[in-house]
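Structure first, then comments.
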Amino acid sequence: MVLIDPYAQELRPGLVTQPDERAARRTLRDQIARLEAQLADAVATAFPTRAAVPFVVAGAYGPRVLGLAELERVRDDLATRLSEARQELTRRGMAQERARVRLERMLLEPGRHRFERVAALELGEGGCGVYQVRPRLGLIGMLAGWWHVKLSSGCPLATSQPTDG
Amino acid sequence: MGPHEPERGWVDAELAQELPELTLWSLPAGAPPARRSPPELRERLRMLATRLRGAEAIELRRRPVPHAYRVFFRQIGLDPDDRRTPVEEATMRRLMHGGYESHGALEDALLLAVVETGVPVWAVDEDTLDGPLGVRAARRGEQRPRADGFADDLPEGRLVVADAAGPVAVLFGEPDARHAVTRHTRAIRLFSLQVGGVPDVHVEEAFWTARDAGWPDATEGTDP
């Protein structure tokens, strides 16, 4: 009986080639293709929200023909990374939903959410705007109970002063 | 098949059974182009660079042809986020440098081909080749010459583009020093690698894009 190290870089096709294993390798390659597509979707979905999802899956000293064990390892790593990415996206989605509910409550009854803020980033929107509850007409509004929700640009560049020279 | 159509290369029999959709195509391109890129080519690259944004670089991995190469990279043990596919490598260079830098007519033509079609094209000195190009696994003891005169050992089983004499390039890598295009080159051969999910028309388009861009006078009036 010959023992073959599946992680040896000298692995060449033909040493462990049996028809059933070739079919198994083909199946694993198909699975890798599907998982890669799903992981790419997750990464592209996360990008607009500036959420960082894990997507790195280590290679296997390629380019070469991978053995069964190596293809399984790549497949399993992709599946793990995909699961982590989806968990992160779900977590972000729930946080955005909570932020949207807070904003709706601020809009419905601003007086009960005085000075509360919700950033556009928390809602999953682009830009650096901030929704905040502010009194109308300053001190008069505070005393009279006149509150409303304002959207500020939040952009630091809008307040920067030009430098000399 | 006419004289100006891409020629199909050979793939080692065992390799073809494992990776049946891997195909090598090559096309003779004639004499090297002028060293400096023509203004039209540089303008085309500049226009392409202005249209690329960071979000598109992320979206690239979902497009059919770049995705096909990413999948193939994973299947042959490469991490496409570490050792990038040619189209993603070109995109990253654009993001890092703020544009597509011109490095001569030939390099710019090959860059244009991969940016516009997603299919990579490489150039080799045709006079250094021994027979048709193909794909196989490296054998024990084979080496890859470097420009400084030394050579790197190729691990047995490493997938290479080869001719009858030996390896010409590691798969998806640049041709080695012995086969690279230099100022002494008299004839160039272009080659490309097609994987599963990449339509034939994209490969043809990549070749014609490279030839039209690098050899504009030679392709005037010709019908691909």
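Residues in the structure tokens are named by chain (A, B, ... in the order shown) and by number from 1 within that chain; ligands are numbered from 1 in the order shown.
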With a cut-off of 8 Å, could you pull out the residues of chain B touching chain A and give me the nearest pair of atoms for each, distance in Å to one decimal, using only C-alpha atoms, ordered by chain and ascending number, as CSV?
```
residue,atom,partner,partner_atom,distance
B:Glu14,CA,A:Pro13,CA,6.9
B:Leu15,CA,A:Pro13,CA,7.4
B:Glu18,CA,A:Arg22,CA,7.1
B:Ala55,CA,A:Phe47,CA,7.4
B:Ile58,CA,A:Ala44,CA,5.9
B:Glu59,CA,A:Ala44,CA,5.8
B:Arg61,CA,A:Ala40,CA,6.2
B:Arg62,CA,A:Ala40,CA,6.1
B:His67,CA,A:Ala37,CA,7.4
B:Arg70,CA,A:Glu36,CA,7.9
B:Val71,CA,A:Ala33,CA,5.3
B:Phe73,CA,A:Pro63,CA,7.5
B:Arg74,CA,A:Gly59,CA,7.0
B:Gln75,CA,A:Arg29,CA,6.0
B:Ile76,CA,A:Pro63,CA,5.1
B:Gly77,CA,A:Gly62,CA,4.3
B:Leu78,CA,A:Gly59,CA,4.6
B:Asp79,CA,A:Gly59,CA,4.5
B:Asp81,CA,A:Val56,CA,6.8
B:Ala137,CA,A:Arg64,CA,7.3
B:Pro155,CA,A:Glu10,CA,6.6
B:Glu156,CA,A:Glu10,CA,5.1
B:Gly157,CA,A:Arg12,CA,5.2
B:Arg158,CA,A:Arg64,CA,4.9
B:Leu159,CA,A:Arg64,CA,5.1
B:Val170,CA,A:Pro63,CA,8.0
B:Leu171,CA,A:Pro63,CA,6.7
```
Dump as an mmCIF file, in the first residue's frame, selection limited to C-alpha atoms:
```
data_model
loop_
_atom_site.group_PDB
_atom_site.id
_atom_site.type_symbol
_atom_site.label_atom_id
_atom_site.label_comp_id
_atom_site.auth_asym_id
_atom_site.auth_seq_id
_atom_site.Cartn_x
_atom_site.Cartn_y
_atom_site.Cartn_z
ATOM 1 C CA GLU B 14 -4.635 13.726 -18.536
ATOM 2 C CA LEU B 15 -4.975 17.427 -17.872
ATOM 3 C CA GLU B 18 -9.366 16.884 -15.369
ATOM 4 C CA ALA B 55 -17.463 50.132 -6.752
ATOM 5 C CA ILE B 58 -15.783 45.172 -6.564
ATOM 6 C CA GLU B 59 -18.628 44.442 -9.001
ATOM 7 C CA ARG B 61 -16.029 39.730 -9.698
ATOM 8 C CA ARG B 62 -19.715 39.219 -10.487
ATOM 9 C CA HIS B 67 -16.027 35.444 -12.527
ATOM 10 C CA ARG B 70 -11.856 33.625 -10.518
ATOM 11 C CA VAL B 71 -13.563 30.239 -10.339
ATOM 12 C CA PHE B 73 -8.157 30.146 -10.186
ATOM 13 C CA ARG B 74 -9.799 28.584 -7.131
ATOM 14 C CA GLN B 75 -10.073 25.238 -8.895
ATOM 15 C CA ILE B 76 -6.330 25.136 -9.603
ATOM 16 C CA GLY B 77 -5.272 26.181 -6.111
ATOM 17 C CA LEU B 78 -4.858 29.928 -6.557
ATOM 18 C CA ASP B 79 -6.469 32.544 -4.312
ATOM 19 C CA ASP B 81 -7.750 37.807 -3.975
ATOM 20 C CA ALA B 137 2.082 19.949 -15.892
ATOM 21 C CA PRO B 155 7.707 22.314 -8.805
ATOM 22 C CA GLU B 156 6.617 19.080 -10.431
ATOM 23 C CA GLY B 157 2.951 19.372 -11.322
ATOM 24 C CA ARG B 158 2.928 23.150 -11.697
ATOM 25 C CA LEU B 159 0.703 23.975 -14.679
ATOM 26 C CA VAL B 170 3.624 29.400 -15.721
ATOM 27 C CA LEU B 171 -0.121 29.279 -16.315
#
```
Exercise. Using the chain letters and numbers from this document, which residues of segment 89-223 of chain B does DSSP assign to alpha helix (DSSP H), as number ranges by chain?
Worked result: B: 89-97, 105-117, 200-214
Could you write those residues out with N, CA and C atoms, as a short mmCIF file (atom, residue, chain, number, x, y, z; two decimals), in the first residue's frame?
```cif
data_model
loop_
_atom_site.label_atom_id
_atom_site.label_comp_id
_atom_site.auth_asym_id
_atom_site.auth_seq_id
_atom_site.Cartn_x
_atom_site.Cartn_y
_atom_site.Cartn_z
N GLU B 89 -6.18 42.30 -11.79
CA GLU B 89 -4.86 42.91 -11.56
C GLU B 89 -4.77 44.24 -12.29
N ALA B 90 -5.27 44.26 -13.54
CA ALA B 90 -5.24 45.51 -14.30
C ALA B 90 -6.11 46.57 -13.61
N THR B 91 -7.25 46.15 -13.09
CA THR B 91 -8.15 47.08 -12.41
C THR B 91 -7.51 47.62 -11.14
N MET B 92 -6.86 46.76 -10.38
CA MET B 92 -6.21 47.22 -9.15
C MET B 92 -5.10 48.21 -9.47
N ARG B 93 -4.35 47.94 -10.53
CA ARG B 93 -3.26 48.88 -10.90
C ARG B 93 -3.88 50.24 -11.26
N ARG B 94 -5.01 50.21 -11.92
CA ARG B 94 -5.68 51.47 -12.28
C ARG B 94 -6.07 52.23 -11.02
N LEU B 95 -6.60 51.52 -10.03
CA LEU B 95 -7.02 52.18 -8.80
C LEU B 95 -5.82 52.71 -8.02
N MET B 96 -4.73 51.94 -8.02
CA MET B 96 -3.57 52.36 -7.23
C MET B 96 -2.84 53.53 -7.88
N HIS B 97 -2.79 53.55 -9.22
CA HIS B 97 -2.02 54.58 -9.91
C HIS B 97 -2.89 55.72 -10.43
N ALA B 105 3.74 50.20 -26.91
CA ALA B 105 2.59 49.82 -27.73
C ALA B 105 2.14 48.39 -27.44
N LEU B 106 3.09 47.45 -27.33
CA LEU B 106 2.70 46.05 -27.14
C LEU B 106 2.00 45.85 -25.79
N GLU B 107 2.63 46.34 -24.72
CA GLU B 107 2.02 46.17 -23.39
C GLU B 107 0.68 46.87 -23.31
N ASP B 108 0.58 48.04 -23.91
CA ASP B 108 -0.68 48.78 -23.87
C ASP B 108 -1.76 48.04 -24.64
N ALA B 109 -1.39 47.44 -25.77
CA ALA B 109 -2.37 46.69 -26.57
C ALA B 109 -2.88 45.49 -25.78
N LEU B 110 -1.98 44.78 -25.11
CA LEU B 110 -2.40 43.62 -24.31
C LEU B 110 -3.25 44.08 -23.12
N LEU B 111 -2.91 45.21 -22.54
CA LEU B 111 -3.70 45.76 -21.43
C LEU B 111 -5.10 46.12 -21.91
N LEU B 112 -5.18 46.76 -23.06
CA LEU B 112 -6.48 47.13 -23.60
C LEU B 112 -7.35 45.90 -23.83
N ALA B 113 -6.73 44.84 -24.34
CA ALA B 113 -7.48 43.62 -24.61
C ALA B 113 -8.09 43.05 -23.33
N VAL B 114 -7.30 42.98 -22.26
CA VAL B 114 -7.82 42.37 -21.04
C VAL B 114 -8.83 43.30 -20.36
N VAL B 115 -8.64 44.59 -20.45
CA VAL B 115 -9.57 45.52 -19.80
C VAL B 115 -10.92 45.52 -20.52
N GLU B 116 -10.89 45.45 -21.84
CA GLU B 116 -12.14 45.55 -22.60
C GLU B 116 -12.90 44.22 -22.66
N THR B 117 -12.19 43.10 -22.63
CA THR B 117 -12.88 41.82 -22.79
C THR B 117 -12.82 40.94 -21.55
N ASP B 200 -16.26 31.76 -26.80
CA ASP B 200 -15.23 31.86 -27.84
C ASP B 200 -15.13 33.28 -28.39
N VAL B 201 -16.26 33.94 -28.51
CA VAL B 201 -16.27 35.26 -29.13
C VAL B 201 -15.45 36.25 -28.28
N HIS B 202 -15.43 36.05 -26.97
CA HIS B 202 -14.63 36.94 -26.13
C HIS B 202 -13.14 36.74 -26.38
N VAL B 203 -12.74 35.50 -26.60
CA VAL B 203 -11.33 35.22 -26.87
C VAL B 203 -10.93 35.85 -28.20
N GLU B 204 -11.79 35.65 -29.21
CA GLU B 204 -11.49 36.26 -30.52
C GLU B 204 -11.42 37.77 -30.40
N GLU B 205 -12.36 38.34 -29.66
CA GLU B 205 -12.39 39.79 -29.50
C GLU B 205 -11.12 40.29 -28.80
N ALA B 206 -10.63 39.51 -27.85
CA ALA B 206 -9.41 39.91 -27.14
C ALA B 206 -8.23 39.96 -28.12
N PHE B 207 -8.11 38.93 -28.96
CA PHE B 207 -7.02 38.92 -29.94
C PHE B 207 -7.14 40.10 -30.89
N TRP B 208 -8.34 40.34 -31.42
CA TRP B 208 -8.48 41.41 -32.41
C TRP B 208 -8.28 42.77 -31.76
N THR B 209 -8.72 42.91 -30.52
CA THR B 209 -8.49 44.18 -29.82
C THR B 209 -7.00 44.44 -29.67
N ALA B 210 -6.25 43.41 -29.28
CA ALA B 210 -4.81 43.58 -29.13
C ALA B 210 -4.15 43.90 -30.46
N ARG B 211 -4.56 43.19 -31.50
CA ARG B 211 -3.92 43.42 -32.82
C ARG B 211 -4.30 44.79 -33.37
N ASP B 212 -5.57 45.15 -33.26
CA ASP B 212 -5.98 46.46 -33.78
C ASP B 212 -5.27 47.59 -33.06
N ALA B 213 -5.09 47.42 -31.76
CA ALA B 213 -4.49 48.49 -30.97
C ALA B 213 -2.98 48.56 -31.17
N GLY B 214 -2.32 47.41 -31.21
CA GLY B 214 -0.87 47.41 -31.33
C GLY B 214 -0.37 47.54 -32.75
#
```
Exercise. What is the atom CA of Pro33 of chain B-atom CA of Ala162 of chain B distance in Å, reported with one decimal?
Worked result: 24.5 Å
Problem set entry | Residue nearest Ala120 of chain A - candidates A:Ala79, A:Arg92, A:Val53, A:Ala99, atoms counted: only C-alpha atoms | A:Ala99
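Of note, atom CA of Pro135 of chain A and atom CA of Gly111 of chain A are spaced 8.6 Å apart.
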For this session: Fewer than 6 positions away in the same chain doesn't count, so skip those; otherwise give me all residues within 12 Å of Pro132 of chain B, counting only C-alpha atoms, as a ChimeraX atom specification.
Result: /B:7-11,24-28,126,161-168,189-191
Could you write those residues out with N, CA and C atoms, as a PDB file, in the first residue's frame?
```pdb
ATOM      1  N   GLU B   7      -5.422  29.950 -33.420  1.00  0.00           N
ATOM      2  CA  GLU B   7      -5.181  28.516 -33.535  1.00  0.00           C
ATOM      3  C   GLU B   7      -5.314  27.874 -32.164  1.00  0.00           C
ATOM      4  N   ARG B   8      -5.965  26.730 -32.132  1.00  0.00           N
ATOM      5  CA  ARG B   8      -6.125  26.024 -30.858  1.00  0.00           C
ATOM      6  C   ARG B   8      -4.833  25.293 -30.525  1.00  0.00           C
ATOM      7  N   GLY B   9      -4.369  25.457 -29.300  1.00  0.00           N
ATOM      8  CA  GLY B   9      -3.164  24.756 -28.857  1.00  0.00           C
ATOM      9  C   GLY B   9      -3.524  23.399 -28.280  1.00  0.00           C
ATOM     10  N   TRP B  10      -2.522  22.660 -27.862  1.00  0.00           N
ATOM     11  CA  TRP B  10      -2.754  21.320 -27.306  1.00  0.00           C
ATOM     12  C   TRP B  10      -2.817  21.395 -25.781  1.00  0.00           C
ATOM     13  N   VAL B  11      -3.510  20.421 -25.200  1.00  0.00           N
ATOM     14  CA  VAL B  11      -3.573  20.288 -23.743  1.00  0.00           C
ATOM     15  C   VAL B  11      -3.230  18.840 -23.428  1.00  0.00           C
ATOM     16  N   LEU B  24      -6.024  26.584 -24.845  1.00  0.00           N
ATOM     17  CA  LEU B  24      -5.046  27.604 -25.198  1.00  0.00           C
ATOM     18  C   LEU B  24      -5.242  27.969 -26.661  1.00  0.00           C
ATOM     19  N   TRP B  25      -5.278  29.276 -26.918  1.00  0.00           N
ATOM     20  CA  TRP B  25      -5.382  29.789 -28.287  1.00  0.00           C
ATOM     21  C   TRP B  25      -4.165  30.653 -28.577  1.00  0.00           C
ATOM     22  N   SER B  26      -3.705  30.619 -29.815  1.00  0.00           N
ATOM     23  CA  SER B  26      -2.578  31.485 -30.178  1.00  0.00           C
ATOM     24  C   SER B  26      -2.810  32.077 -31.556  1.00  0.00           C
ATOM     25  N   LEU B  27      -2.107  33.165 -31.795  1.00  0.00           N
ATOM     26  CA  LEU B  27      -2.282  33.893 -33.056  1.00  0.00           C
ATOM     27  C   LEU B  27      -0.963  34.565 -33.414  1.00  0.00           C
ATOM     28  N   PRO B  28      -0.449  34.320 -34.622  1.00  0.00           N
ATOM     29  CA  PRO B  28       0.772  35.034 -35.015  1.00  0.00           C
ATOM     30  C   PRO B  28       0.442  36.499 -35.259  1.00  0.00           C
ATOM     31  N   GLU B 126       8.249  34.605 -31.257  1.00  0.00           N
ATOM     32  CA  GLU B 126       7.915  33.394 -32.002  1.00  0.00           C
ATOM     33  C   GLU B 126       9.169  32.616 -32.419  1.00  0.00           C
ATOM     34  N   VAL B 161       2.420  26.737 -19.567  1.00  0.00           N
ATOM     35  CA  VAL B 161       2.292  26.817 -21.015  1.00  0.00           C
ATOM     36  C   VAL B 161       3.644  26.372 -21.561  1.00  0.00           C
ATOM     37  N   ALA B 162       3.638  25.455 -22.509  1.00  0.00           N
ATOM     38  CA  ALA B 162       4.896  24.872 -22.960  1.00  0.00           C
ATOM     39  C   ALA B 162       4.887  24.642 -24.461  1.00  0.00           C
ATOM     40  N   ASP B 163       6.091  24.508 -25.006  1.00  0.00           N
ATOM     41  CA  ASP B 163       6.227  24.032 -26.384  1.00  0.00           C
ATOM     42  C   ASP B 163       6.971  22.694 -26.325  1.00  0.00           C
ATOM     43  N   ALA B 164       7.460  22.253 -27.453  1.00  0.00           N
ATOM     44  CA  ALA B 164       8.116  20.939 -27.466  1.00  0.00           C
ATOM     45  C   ALA B 164       9.406  20.943 -26.649  1.00  0.00           C
ATOM     46  N   ALA B 165      10.030  22.112 -26.497  1.00  0.00           N
ATOM     47  CA  ALA B 165      11.320  22.177 -25.808  1.00  0.00           C
ATOM     48  C   ALA B 165      11.167  22.271 -24.294  1.00  0.00           C
ATOM     49  N   GLY B 166      10.051  22.788 -23.828  1.00  0.00           N
ATOM     50  CA  GLY B 166       9.870  22.928 -22.388  1.00  0.00           C
ATOM     51  C   GLY B 166       8.931  24.060 -22.040  1.00  0.00           C
ATOM     52  N   PRO B 167       8.878  24.424 -20.746  1.00  0.00           N
ATOM     53  CA  PRO B 167       7.952  25.485 -20.307  1.00  0.00           C
ATOM     54  C   PRO B 167       8.280  26.826 -20.933  1.00  0.00           C
ATOM     55  N   VAL B 168       7.217  27.533 -21.240  1.00  0.00           N
ATOM     56  CA  VAL B 168       7.345  28.888 -21.781  1.00  0.00           C
ATOM     57  C   VAL B 168       6.898  29.893 -20.716  1.00  0.00           C
ATOM     58  N   ARG B 189       4.150  36.086 -31.307  1.00  0.00           N
ATOM     59  CA  ARG B 189       2.961  35.239 -31.278  1.00  0.00           C
ATOM     60  C   ARG B 189       2.181  35.606 -30.021  1.00  0.00           C
ATOM     61  N   LEU B 190       0.905  35.840 -30.182  1.00  0.00           N
ATOM     62  CA  LEU B 190       0.030  36.101 -29.048  1.00  0.00           C
ATOM     63  C   LEU B 190      -0.617  34.791 -28.622  1.00  0.00           C
ATOM     64  N   PHE B 191      -0.844  34.645 -27.317  1.00  0.00           N
ATOM     65  CA  PHE B 191      -1.599  33.486 -26.869  1.00  0.00           C
ATOM     66  C   PHE B 191      -2.520  33.881 -25.732  1.00  0.00           C
TER      67      PHE B 191
END
```
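We find atom CA of Leu68 of chain A and atom CA of Ala13 of chain B to be spaced 19.3 Å apart.
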